[in-house]
$ cat target-v4.pdb   # PDB, C-alpha atoms
ATOM      1  CA  MET N  16      52.822   3.324 -24.621
ATOM      2  CA  SER N  17      51.815   0.862 -21.886
ATOM      3  CA  GLY N  18      48.214  -0.032 -21.086
ATOM      4  CA  TRP N  19      48.320   2.023 -17.883
ATOM      5  CA  ASP N  20      49.212   5.431 -19.316
ATOM      6  CA  PHE N  21      46.842   8.165 -18.176
ATOM      7  CA  SER N  22      44.487   9.429 -20.826
ATOM      8  CA  PRO N  23      42.700  12.801 -20.583
ATOM      9  CA  ALA N  24      39.672  10.966 -21.970
ATOM     10  CA  ILE N  25      39.180   9.480 -18.497
ATOM     11  CA  MET N  26      38.521  12.916 -16.990
ATOM     12  CA  LEU N  27      36.568  14.039 -20.039
ATOM     13  CA  TRP N  28      34.137  11.087 -20.029
ATOM     14  CA  GLY N  29      33.693  11.173 -16.262
ATOM     15  CA  THR N  30      32.906  14.885 -16.429
ATOM     16  CA  VAL N  31      30.614  14.542 -19.456
ATOM     17  CA  SER N  32      28.665  11.726 -17.795
ATOM     18  CA  PHE N  33      28.343  13.799 -14.608
ATOM     19  CA  LEU N  34      27.029  16.760 -16.638
ATOM     20  CA  ALA N  35      24.577  14.446 -18.408
ATOM     21  CA  ALA N  36      23.316  13.209 -15.028
ATOM     22  CA  LEU N  37      23.036  16.838 -13.875
ATOM     23  CA  ALA N  38      20.950  17.657 -16.969
ATOM     24  CA  VAL N  39      18.642  14.714 -16.215
ATOM     25  CA  HIS N  40      18.379  15.887 -12.597
ATOM     26  CA  ILE N  41      17.396  19.396 -13.698
ATOM     27  CA  LEU N  42      14.825  18.076 -16.190
ATOM     28  CA  VAL N  43      13.232  15.780 -13.608
ATOM     29  CA  TRP N  44      13.092  18.531 -10.964
ATOM     30  CA  ARG N  45      11.590  21.017 -13.472
ATOM     31  CA  ARG N  46       8.594  18.694 -13.774
ATOM     32  CA  GLY N  47       8.221  18.853  -9.983
ATOM     33  CA  LYS N  48      10.339  17.676  -7.103
ATOM     34  CA  PRO N  49       9.872  13.938  -6.752
ATOM     35  CA  PRO N  50       9.207  12.327  -3.380
ATOM     36  CA  ARG N  51      12.297  10.839  -1.721
ATOM     37  CA  GLU N  52      14.631  13.274  -3.435
ATOM     38  CA  MET N  53      17.796  11.627  -2.124
ATOM     39  CA  ALA N  54      16.824   8.258  -3.598
ATOM     40  CA  TRP N  55      16.231   9.962  -6.947
ATOM     41  CA  LEU N  56      19.598  11.720  -6.753
ATOM     42  CA  VAL N  57      21.422   8.459  -6.036
ATOM     43  CA  GLY N  58      19.536   6.771  -8.878
ATOM     44  CA  ILE N  59      20.212   9.550 -11.393
ATOM     45  CA  PHE N  60      23.823  10.227 -10.436
ATOM     46  CA  LEU N  61      25.103   6.785  -9.412
ATOM     47  CA  PHE N  62      22.903   3.789 -10.264
ATOM     48  CA  ALA N  63      21.908   4.715 -13.837
ATOM     49  CA  PRO N  64      25.450   5.785 -14.822
ATOM     50  CA  ALA N  65      26.884   2.656 -13.153
ATOM     51  CA  GLY N  66      24.689   0.561 -15.435
ATOM     52  CA  ILE N  67      25.833   2.473 -18.499
ATOM     53  CA  TYR N  68      29.493   2.276 -17.480
ATOM     54  CA  LEU N  69      29.093  -1.447 -16.795
ATOM     55  CA  ALA N  70      27.722  -1.954 -20.316
ATOM     56  CA  VAL N  71      30.606   0.043 -21.823
ATOM     57  CA  TYR N  72      33.056  -1.915 -19.661
ATOM     58  CA  SER N  73      31.730  -5.261 -20.869
ATOM     59  CA  LEU N  74      31.940  -4.085 -24.477
ATOM     60  CA  SER N  75      35.495  -2.855 -23.817
ATOM     61  CA  VAL N  76      36.515  -6.222 -22.421
ATOM     62  CA  SER N  77      35.097  -7.978 -25.487
ATOM     63  CA  GLY N  78      37.235  -5.735 -27.728
ATOM     64  CA  GLU N  79      34.536  -3.783 -29.548
ATOM     65  CA  GLY N  80      36.879  -0.882 -30.351
ATOM     66  CA  LEU N  81      35.950   1.080 -27.219
ATOM     67  CA  PRO N  82      38.451   2.551 -24.732
ATOM     68  CA  PRO N  83      40.361   0.042 -22.612
ATOM     69  CA  ALA N  84      38.318  -1.418 -19.770
ATOM     70  CA  TRP N  85      40.502   0.185 -17.089
ATOM     71  CA  GLU N  86      39.846   3.644 -18.581
ATOM     72  CA  THR N  87      36.126   2.972 -18.320
ATOM     73  CA  VAL N  88      36.526   2.037 -14.647
ATOM     74  CA  LEU N  89      38.606   5.154 -13.925
ATOM     75  CA  ALA N  90      36.132   7.381 -15.785
ATOM     76  CA  PHE N  91      33.312   5.972 -13.631
ATOM     77  CA  ILE N  92      35.356   6.563 -10.467
ATOM     78  CA  TRP N  93      35.802  10.216 -11.526
ATOM     79  CA  HIS N  94      32.075  10.435 -12.340
ATOM     80  CA  ALA N  95      31.209   8.896  -8.944
ATOM     81  CA  ALA N  96      33.501  11.351  -7.136
ATOM     82  CA  LEU N  97      31.857  14.350  -8.823
ATOM     83  CA  SER N  98      28.392  12.911  -8.258
ATOM     84  CA  SER N  99      29.040  12.104  -4.600
ATOM     85  CA  ALA N 100      30.265  15.638  -3.970
ATOM     86  CA  TYR N 101      27.126  17.012  -5.631
ATOM     87  CA  ILE N 102      24.807  14.691  -3.703
ATOM     88  CA  MET N 103      26.471  15.664  -0.418
ATOM     89  CA  THR N 104      26.097  19.381  -1.096
ATOM     90  CA  TYR N 105      22.534  19.193  -2.441
ATOM     91  CA  PRO N 106      20.630  19.003   0.898
ATOM     92  CA  PRO N 107      22.062  22.172   2.468
ATOM     93  CA  ILE N 108      21.732  24.089  -0.787
ATOM     94  CA  GLN N 109      18.114  23.107  -1.448
ATOM     95  CA  ALA N 110      17.177  23.617   2.197
ATOM     96  CA  GLY N 111      18.319  27.211   2.201
ATOM     97  CA  CYS N 112      21.747  27.030   3.802
ATOM     98  CA  PRO N 113      21.695  29.442   6.773
ATOM     99  CA  SER N 114      25.242  30.692   6.122
ATOM    100  CA  LEU N 115      24.417  31.532   2.521
ATOM    101  CA  LYS N 116      21.145  33.195   3.526
ATOM    102  CA  ILE N 117      22.969  35.386   6.063
ATOM    103  CA  VAL N 118      25.597  36.440   3.512
ATOM    104  CA  LEU N 119      22.929  37.263   0.910
ATOM    105  CA  GLU N 120      20.875  39.304   3.405
ATOM    106  CA  ILE N 121      23.932  41.231   4.593
ATOM    107  CA  HIS N 122      24.798  41.893   0.946
ATOM    108  CA  ARG N 123      21.256  43.186   0.274
ATOM    109  CA  ASN N 124      21.430  45.462   3.299
ATOM    110  CA  ARG N 125      24.762  47.056   2.588
ATOM    111  CA  PRO N 126      26.317  49.372   3.466
ATOM    112  CA  LYS N 127      24.626  49.358   6.904
ATOM    113  CA  GLY N 128      24.598  45.547   7.351
ATOM    114  CA  LEU N 129      22.381  43.607   9.763
ATOM    115  CA  SER N 130      22.160  43.488  13.539
ATOM    116  CA  LEU N 131      22.153  40.171  15.406
ATOM    117  CA  GLU N 132      18.412  40.584  16.055
ATOM    118  CA  GLU N 133      17.743  41.067  12.330
ATOM    119  CA  ILE N 134      19.749  37.940  11.535
ATOM    120  CA  ASN N 135      17.798  35.938  14.138
ATOM    121  CA  GLU N 136      14.543  37.096  12.499
ATOM    122  CA  LEU N 137      15.665  35.472   9.238
ATOM    123  CA  PHE N 138      15.249  32.016  10.784
ATOM    124  CA  PRO N 139      11.951  31.285  12.479
ATOM    125  CA  ARG N 140      12.864  28.448  14.858
ATOM    126  CA  GLN N 141       9.789  26.305  14.186
ATOM    127  CA  THR N 142      10.077  26.554  10.399
ATOM    128  CA  MET N 143      13.783  25.813  10.409
ATOM    129  CA  PHE N 144      13.465  22.600  12.361
ATOM    130  CA  SER N 145      10.091  21.310  11.163
ATOM    131  CA  ASP N 146      11.087  21.641   7.494
ATOM    132  CA  ARG N 147      14.277  19.649   8.129
ATOM    133  CA  PHE N 148      12.384  16.892   9.926
ATOM    134  CA  ASP N 149       9.779  16.778   7.141
ATOM    135  CA  ASN N 150      12.584  16.291   4.589
ATOM    136  CA  LEU N 151      14.198  13.536   6.677
ATOM    137  CA  VAL N 152      10.879  11.679   7.025
ATOM    138  CA  GLU N 153      10.054  12.095   3.319
ATOM    139  CA  ASP N 154      13.467  10.721   2.337
ATOM    140  CA  GLY N 155      12.942   7.759   4.656
ATOM    141  CA  LEU N 156      15.932   8.565   6.873
ATOM    142  CA  VAL N 157      14.041   8.990  10.164
ATOM    143  CA  SER N 158      10.645   7.995  11.496
ATOM    144  CA  TRP N 159       8.277   9.302  14.139
ATOM    145  CA  LYS N 160       6.791   6.517  16.264
ATOM    146  CA  TYR N 161       5.442   6.496  19.789
ATOM    147  CA  ASP N 162       6.345  10.185  20.270
ATOM    148  CA  THR N 163      10.000   9.462  19.490
ATOM    149  CA  TRP N 164      12.234  10.134  16.522
ATOM    150  CA  GLY N 165      14.068   7.055  15.288
ATOM    151  CA  ILE N 166      16.502   6.271  12.500
ATOM    152  CA  THR N 167      15.500   3.951   9.650
ATOM    153  CA  GLY N 168      17.688   1.380   7.904
ATOM    154  CA  THR N 169      18.350   3.867   5.105
ATOM    155  CA  GLY N 170      19.200   6.533   7.683
ATOM    156  CA  ARG N 171      21.694   4.177   9.348
ATOM    157  CA  LEU N 172      23.326   3.485   5.978
ATOM    158  CA  VAL N 173      23.644   7.208   5.219
ATOM    159  CA  ALA N 174      24.992   7.896   8.722
ATOM    160  CA  ARG N 175      27.577   5.123   8.373
ATOM    161  CA  CYS N 176      28.721   6.537   5.025
ATOM    162  CA  PHE N 177      29.176  10.012   6.507
ATOM    163  CA  LEU N 178      30.943   8.601   9.575
ATOM    164  CA  ALA N 179      33.309   6.565   7.387
ATOM    165  CA  TYR N 180      33.999   9.658   5.292
ATOM    166  CA  ARG N 181      34.803  11.704   8.413
ATOM    167  CA  ARG N 182      37.066   8.938   9.739
ATOM    168  CA  LEU N 183      38.841   8.784   6.389
ATOM    169  CA  LEU N 184      39.503  12.540   6.612
ATOM    170  CA  LYS N 185      40.437  12.167  10.323
ATOM    171  CA  LEU N 186      37.765  14.672  11.346
ATOM    172  CA  PRO N 187      36.106  14.518  14.771
ATOM    173  CA  LEU N 188      32.828  12.612  14.731
ATOM    174  CA  GLY N 189      29.613  14.481  15.448
ATOM    175  CA  GLU N 190      31.002  17.953  14.751
ATOM    176  CA  GLY N 191      30.291  20.276  11.824
TER     177      GLY N 191
END
$ encode --input "target-v4.pdb" --output "structure tokens"
Amino acid sequence: MSGWDFSPAIMLWGTVSFLAALAVHILVWRRGKPPREMAWLVGIFLFAPAGIYLAVYSLSVSGEGLPPAWETVLAFIWHAALSSAYIMTYPPIQAGCPSLKIVLEIHRNRPKGLSLEEINELFPRQTMFSDRFDNLVEDGLVSWKYDTWGITGTGRLVARCFLAYRRLLKLPLGEG
């Protein structure tokens, strides 16, 4: 067996560490949503695990009987992929995704369904937009100065990450 054979332990440890981060996330949020939720999510799901994986990696390199160093790296990559997917889906889920809300309301009102007017009543325009802006300001992604919305350094970083992701997938920029 060569040193580069795939081990199921890679997927197992990446998944277990993701589930551990998810458990920490749930415990922290049960005590009350922290300010700057996105920063907390990145810390819980990426920075803290990266530190743990780095420690395991350095022990692996020194030959302490742990898995090979490359398996540790691959397990962290799997963990980071799961965590990134979760972090990207968290905002629309916690904000009350309109598509999901529509489906749930239509389900509750079966068999007759909902008219377009009833669906429009589900989303008060002011609440929908002001809540989103409040979240963006609280997470430090945008700012309100001189009667103008502006993007912060953190907001630019997040936007660049999403734009790079869309380019990687060859999706049109600026579309849903």
$ resolve_selection --input "target-v4.pdb" --expression "the PyMOL selection byres ((chain N and resi 173) around 12)" --output "list of chain:residue names"
N:Met53, N:Ala54, N:Val57, N:Ile102, N:Met103, N:Leu151, N:Asp154, N:Gly155, N:Leu156, N:Val157, N:Ile166, N:Thr167, N:Gly168, N:Thr169, N:Gly170, N:Arg171, N:Leu172, N:Ala174, N:Arg175, N:Cys176, N:Phe177, N:Leu178, N:Ala179, N:Tyr180
$ write_last_selection --input "target-v4.pdb" --atoms "C-alpha atoms" --output "PDB file, in the coordinates of the input"
ATOM      1  CA  MET N  53      17.796  11.627  -2.124  1.00  0.00           C
ATOM      2  CA  ALA N  54      16.824   8.258  -3.598  1.00  0.00           C
ATOM      3  CA  VAL N  57      21.422   8.459  -6.036  1.00  0.00           C
ATOM      4  CA  ILE N 102      24.807  14.691  -3.703  1.00  0.00           C
ATOM      5  CA  MET N 103      26.471  15.664  -0.418  1.00  0.00           C
ATOM      6  CA  LEU N 151      14.198  13.536   6.677  1.00  0.00           C
ATOM      7  CA  ASP N 154      13.467  10.721   2.337  1.00  0.00           C
ATOM      8  CA  GLY N 155      12.942   7.759   4.656  1.00  0.00           C
ATOM      9  CA  LEU N 156      15.932   8.565   6.873  1.00  0.00           C
ATOM     10  CA  VAL N 157      14.041   8.990  10.164  1.00  0.00           C
ATOM     11  CA  ILE N 166      16.502   6.271  12.500  1.00  0.00           C
ATOM     12  CA  THR N 167      15.500   3.951   9.650  1.00  0.00           C
ATOM     13  CA  GLY N 168      17.688   1.380   7.904  1.00  0.00           C
ATOM     14  CA  THR N 169      18.350   3.867   5.105  1.00  0.00           C
ATOM     15  CA  GLY N 170      19.200   6.533   7.683  1.00  0.00           C
ATOM     16  CA  ARG N 171      21.694   4.177   9.348  1.00  0.00           C
ATOM     17  CA  LEU N 172      23.326   3.485   5.978  1.00  0.00           C
ATOM     18  CA  ALA N 174      24.992   7.896   8.722  1.00  0.00           C
ATOM     19  CA  ARG N 175      27.577   5.123   8.373  1.00  0.00           C
ATOM     20  CA  CYS N 176      28.721   6.537   5.025  1.00  0.00           C
ATOM     21  CA  PHE N 177      29.176  10.012   6.507  1.00  0.00           C
ATOM     22  CA  LEU N 178      30.943   8.601   9.575  1.00  0.00           C
ATOM     23  CA  ALA N 179      33.309   6.565   7.387  1.00  0.00           C
ATOM     24  CA  TYR N 180      33.999   9.658   5.292  1.00  0.00           C
TER      25      TYR N 180
END
$ atom_distance --input "target-v4.pdb" --atom1 "atom CA of Pro113 of chain N" --atom2 "atom CA of Lys48 of chain N"
21.4 Å
$ closest_residue --input "target-v4.pdb" --among "N:Phe60, N:Phe21, N:Tyr68, N:Trp93" --to "Ala35 of chain N" --atoms "only C-alpha atoms"
N:Phe60
$ closest_residue --input "target-v4.pdb" --among "N:Leu69, N:Leu97, N:Leu119, N:Val76" --to "Gly29 of chain N" --atoms "only C-alpha atoms"
N:Leu97
$ resolve_selection --input "target-v4.pdb" --expression "the PyMOL selection byres ((chain N and resi 98) around 12)" --output "MDAnalysis selection string"
chainID N and resid 29:37 40 56:65 91:97 99:105
$ atom_distance --input "target-v4.pdb" --atom1 "atom CA of Glu153 of chain N" --atom2 "atom CA of Arg51 of chain N"
5.7 Å
$ residues_around --input "target-v4.pdb" --residues "Val118 of chain N" --least-positions-apart "5" --cutoff "12 Å" --atoms "only C-alpha atoms" --output "VMD selection string"
chain N and resid 111 to 113 123 to 125 128 to 129 134 137
$ resolve_selection --input "target-v4.pdb" --expression "the PyMOL selection byres ((chain N and resi 85-88) around 8)" --output "ChimeraX atom specification"
/N:22,25,68,71-72,82-84,89-92
$ atom_distance --input "target-v4.pdb" --atom1 "atom CA of Ala24 of chain N" --atom2 "atom CA of Val39 of chain N"
22.1 Å
$ closest_residue --input "target-v4.pdb" --among "N:Leu183, N:Glu133, N:Gly165, N:Ala38" --to "Ile121 of chain N" --atoms "all atoms listed in the file"
N:Glu133
$ decode --input "target-v4.pdb" --residues "segment 31-70 of chain N" --atoms "N, CA and C atoms" --output "mmCIF file, in the first residue's frame"
data_model
loop_
_atom_site.group_PDB
_atom_site.id
_atom_site.type_symbol
_atom_site.label_atom_id
_atom_site.label_comp_id
_atom_site.auth_asym_id
_atom_site.auth_seq_id
_atom_site.Cartn_x
_atom_site.Cartn_y
_atom_site.Cartn_z
ATOM 1 N N VAL N 31 -16.965 13.973 11.060
ATOM 2 C CA VAL N 31 -17.082 14.036 12.527
ATOM 3 C C VAL N 31 -16.716 15.430 13.032
ATOM 4 N N SER N 32 -15.639 16.009 12.477
ATOM 5 C CA SER N 32 -15.248 17.346 12.937
ATOM 6 C C SER N 32 -16.285 18.389 12.526
ATOM 7 N N PHE N 33 -16.899 18.218 11.352
ATOM 8 C CA PHE N 33 -17.978 19.130 10.956
ATOM 9 C C PHE N 33 -19.157 19.010 11.927
ATOM 10 N N LEU N 34 -19.534 17.773 12.263
ATOM 11 C CA LEU N 34 -20.655 17.571 13.198
ATOM 12 C C LEU N 34 -20.334 18.128 14.584
ATOM 13 N N ALA N 35 -19.073 18.032 14.987
ATOM 14 C CA ALA N 35 -18.672 18.615 16.275
ATOM 15 C C ALA N 35 -18.812 20.134 16.224
ATOM 16 N N ALA N 36 -18.391 20.745 15.123
ATOM 17 C CA ALA N 36 -18.540 22.195 14.967
ATOM 18 C C ALA N 36 -20.026 22.575 14.954
ATOM 19 N N LEU N 37 -20.852 21.764 14.300
ATOM 20 C CA LEU N 37 -22.290 22.015 14.277
ATOM 21 C C LEU N 37 -22.877 21.949 15.686
ATOM 22 N N ALA N 38 -22.428 20.995 16.488
ATOM 23 C CA ALA N 38 -22.895 20.883 17.875
ATOM 24 C C ALA N 38 -22.499 22.128 18.679
ATOM 25 N N VAL N 39 -21.272 22.597 18.475
ATOM 26 C CA VAL N 39 -20.831 23.821 19.165
ATOM 27 C C VAL N 39 -21.696 24.999 18.722
ATOM 28 N N HIS N 40 -21.942 25.096 17.425
ATOM 29 C CA HIS N 40 -22.789 26.162 16.880
ATOM 30 C C HIS N 40 -24.174 26.142 17.540
ATOM 31 N N ILE N 41 -24.771 24.982 17.632
ATOM 32 C CA ILE N 41 -26.107 24.872 18.232
ATOM 33 C C ILE N 41 -26.065 25.274 19.707
ATOM 34 N N LEU N 42 -25.057 24.814 20.428
ATOM 35 C CA LEU N 42 -24.937 25.162 21.853
ATOM 36 C C LEU N 42 -24.759 26.663 22.054
ATOM 37 N N VAL N 43 -23.921 27.283 21.237
ATOM 38 C CA VAL N 43 -23.709 28.729 21.362
ATOM 39 C C VAL N 43 -24.991 29.480 21.056
ATOM 40 N N TRP N 44 -25.691 29.096 19.988
ATOM 41 C CA TRP N 44 -26.919 29.797 19.591
ATOM 42 C C TRP N 44 -28.047 29.564 20.599
ATOM 43 N N ARG N 45 -28.052 28.430 21.297
ATOM 44 C CA ARG N 45 -29.088 28.172 22.309
ATOM 45 C C ARG N 45 -28.976 29.151 23.471
ATOM 46 N N ARG N 46 -27.756 29.627 23.728
ATOM 47 C CA ARG N 46 -27.547 30.599 24.798
ATOM 48 C C ARG N 46 -27.956 31.993 24.355
ATOM 49 N N GLY N 47 -28.223 32.167 23.081
ATOM 50 C CA GLY N 47 -28.609 33.458 22.512
ATOM 51 C C GLY N 47 -27.743 33.749 21.307
ATOM 52 N N LYS N 48 -28.368 34.233 20.264
ATOM 53 C CA LYS N 48 -27.611 34.533 19.045
ATOM 54 C C LYS N 48 -26.557 35.583 19.357
ATOM 55 N N PRO N 49 -25.316 35.291 19.018
ATOM 56 C CA PRO N 49 -24.264 36.281 19.277
ATOM 57 C C PRO N 49 -24.301 37.398 18.236
ATOM 58 N N PRO N 50 -23.748 38.560 18.572
ATOM 59 C CA PRO N 50 -23.632 39.600 17.545
ATOM 60 C C PRO N 50 -22.629 39.131 16.493
ATOM 61 N N ARG N 51 -22.747 39.663 15.301
ATOM 62 C CA ARG N 51 -21.840 39.301 14.196
ATOM 63 C C ARG N 51 -21.841 37.794 13.981
ATOM 64 N N GLU N 52 -23.025 37.280 13.709
ATOM 65 C CA GLU N 52 -23.210 35.834 13.551
ATOM 66 C C GLU N 52 -22.254 35.218 12.539
ATOM 67 N N MET N 53 -22.031 35.877 11.417
ATOM 68 C CA MET N 53 -21.174 35.293 10.387
ATOM 69 C C MET N 53 -19.741 35.120 10.884
ATOM 70 N N ALA N 54 -19.255 36.079 11.655
ATOM 71 C CA ALA N 54 -17.901 35.954 12.209
ATOM 72 C C ALA N 54 -17.840 34.759 13.161
ATOM 73 N N TRP N 55 -18.867 34.572 13.953
ATOM 74 C CA TRP N 55 -18.928 33.415 14.849
ATOM 75 C C TRP N 55 -18.947 32.116 14.056
ATOM 76 N N LEU N 56 -19.746 32.075 12.992
ATOM 77 C CA LEU N 56 -19.823 30.860 12.177
ATOM 78 C C LEU N 56 -18.458 30.515 11.580
ATOM 79 N N VAL N 57 -17.783 31.515 11.037
ATOM 80 C CA VAL N 57 -16.454 31.268 10.456
ATOM 81 C C VAL N 57 -15.487 30.802 11.540
ATOM 82 N N GLY N 58 -15.564 31.407 12.709
ATOM 83 C CA GLY N 58 -14.695 30.997 13.818
ATOM 84 C C GLY N 58 -14.955 29.568 14.270
ATOM 85 N N ILE N 59 -16.235 29.237 14.437
ATOM 86 C CA ILE N 59 -16.615 27.899 14.925
ATOM 87 C C ILE N 59 -16.331 26.824 13.879
ATOM 88 N N PHE N 60 -16.677 27.115 12.627
ATOM 89 C CA PHE N 60 -16.593 26.078 11.594
ATOM 90 C C PHE N 60 -15.259 26.016 10.867
ATOM 91 N N LEU N 61 -14.499 27.123 10.847
ATOM 92 C CA LEU N 61 -13.252 27.103 10.073
ATOM 93 C C LEU N 61 -12.003 27.378 10.907
ATOM 94 N N PHE N 62 -11.986 28.495 11.654
ATOM 95 C CA PHE N 62 -10.762 28.856 12.369
ATOM 96 C C PHE N 62 -10.423 27.888 13.499
ATOM 97 N N ALA N 63 -11.381 27.592 14.368
ATOM 98 C CA ALA N 63 -11.102 26.664 15.483
ATOM 99 C C ALA N 63 -10.708 25.272 14.959
ATOM 100 N N PRO N 64 -11.467 24.689 14.030
ATOM 101 C CA PRO N 64 -11.047 23.389 13.499
ATOM 102 C C PRO N 64 -9.694 23.441 12.790
ATOM 103 N N ALA N 65 -9.408 24.560 12.094
ATOM 104 C CA ALA N 65 -8.105 24.672 11.419
ATOM 105 C C ALA N 65 -6.982 24.582 12.440
ATOM 106 N N GLY N 66 -7.165 25.207 13.586
ATOM 107 C CA GLY N 66 -6.156 25.122 14.646
ATOM 108 C C GLY N 66 -5.980 23.705 15.159
ATOM 109 N N ILE N 67 -7.089 23.008 15.325
ATOM 110 C CA ILE N 67 -7.024 21.621 15.805
ATOM 111 C C ILE N 67 -6.361 20.733 14.750
ATOM 112 N N TYR N 68 -6.778 20.887 13.504
ATOM 113 C CA TYR N 68 -6.177 20.094 12.425
ATOM 114 C C TYR N 68 -4.688 20.406 12.279
ATOM 115 N N LEU N 69 -4.314 21.666 12.469
ATOM 116 C CA LEU N 69 -2.901 22.032 12.381
ATOM 117 C C LEU N 69 -2.095 21.338 13.477
ATOM 118 N N ALA N 70 -2.664 21.272 14.687
ATOM 119 C CA ALA N 70 -1.986 20.576 15.784
ATOM 120 C C ALA N 70 -1.844 19.083 15.473
#
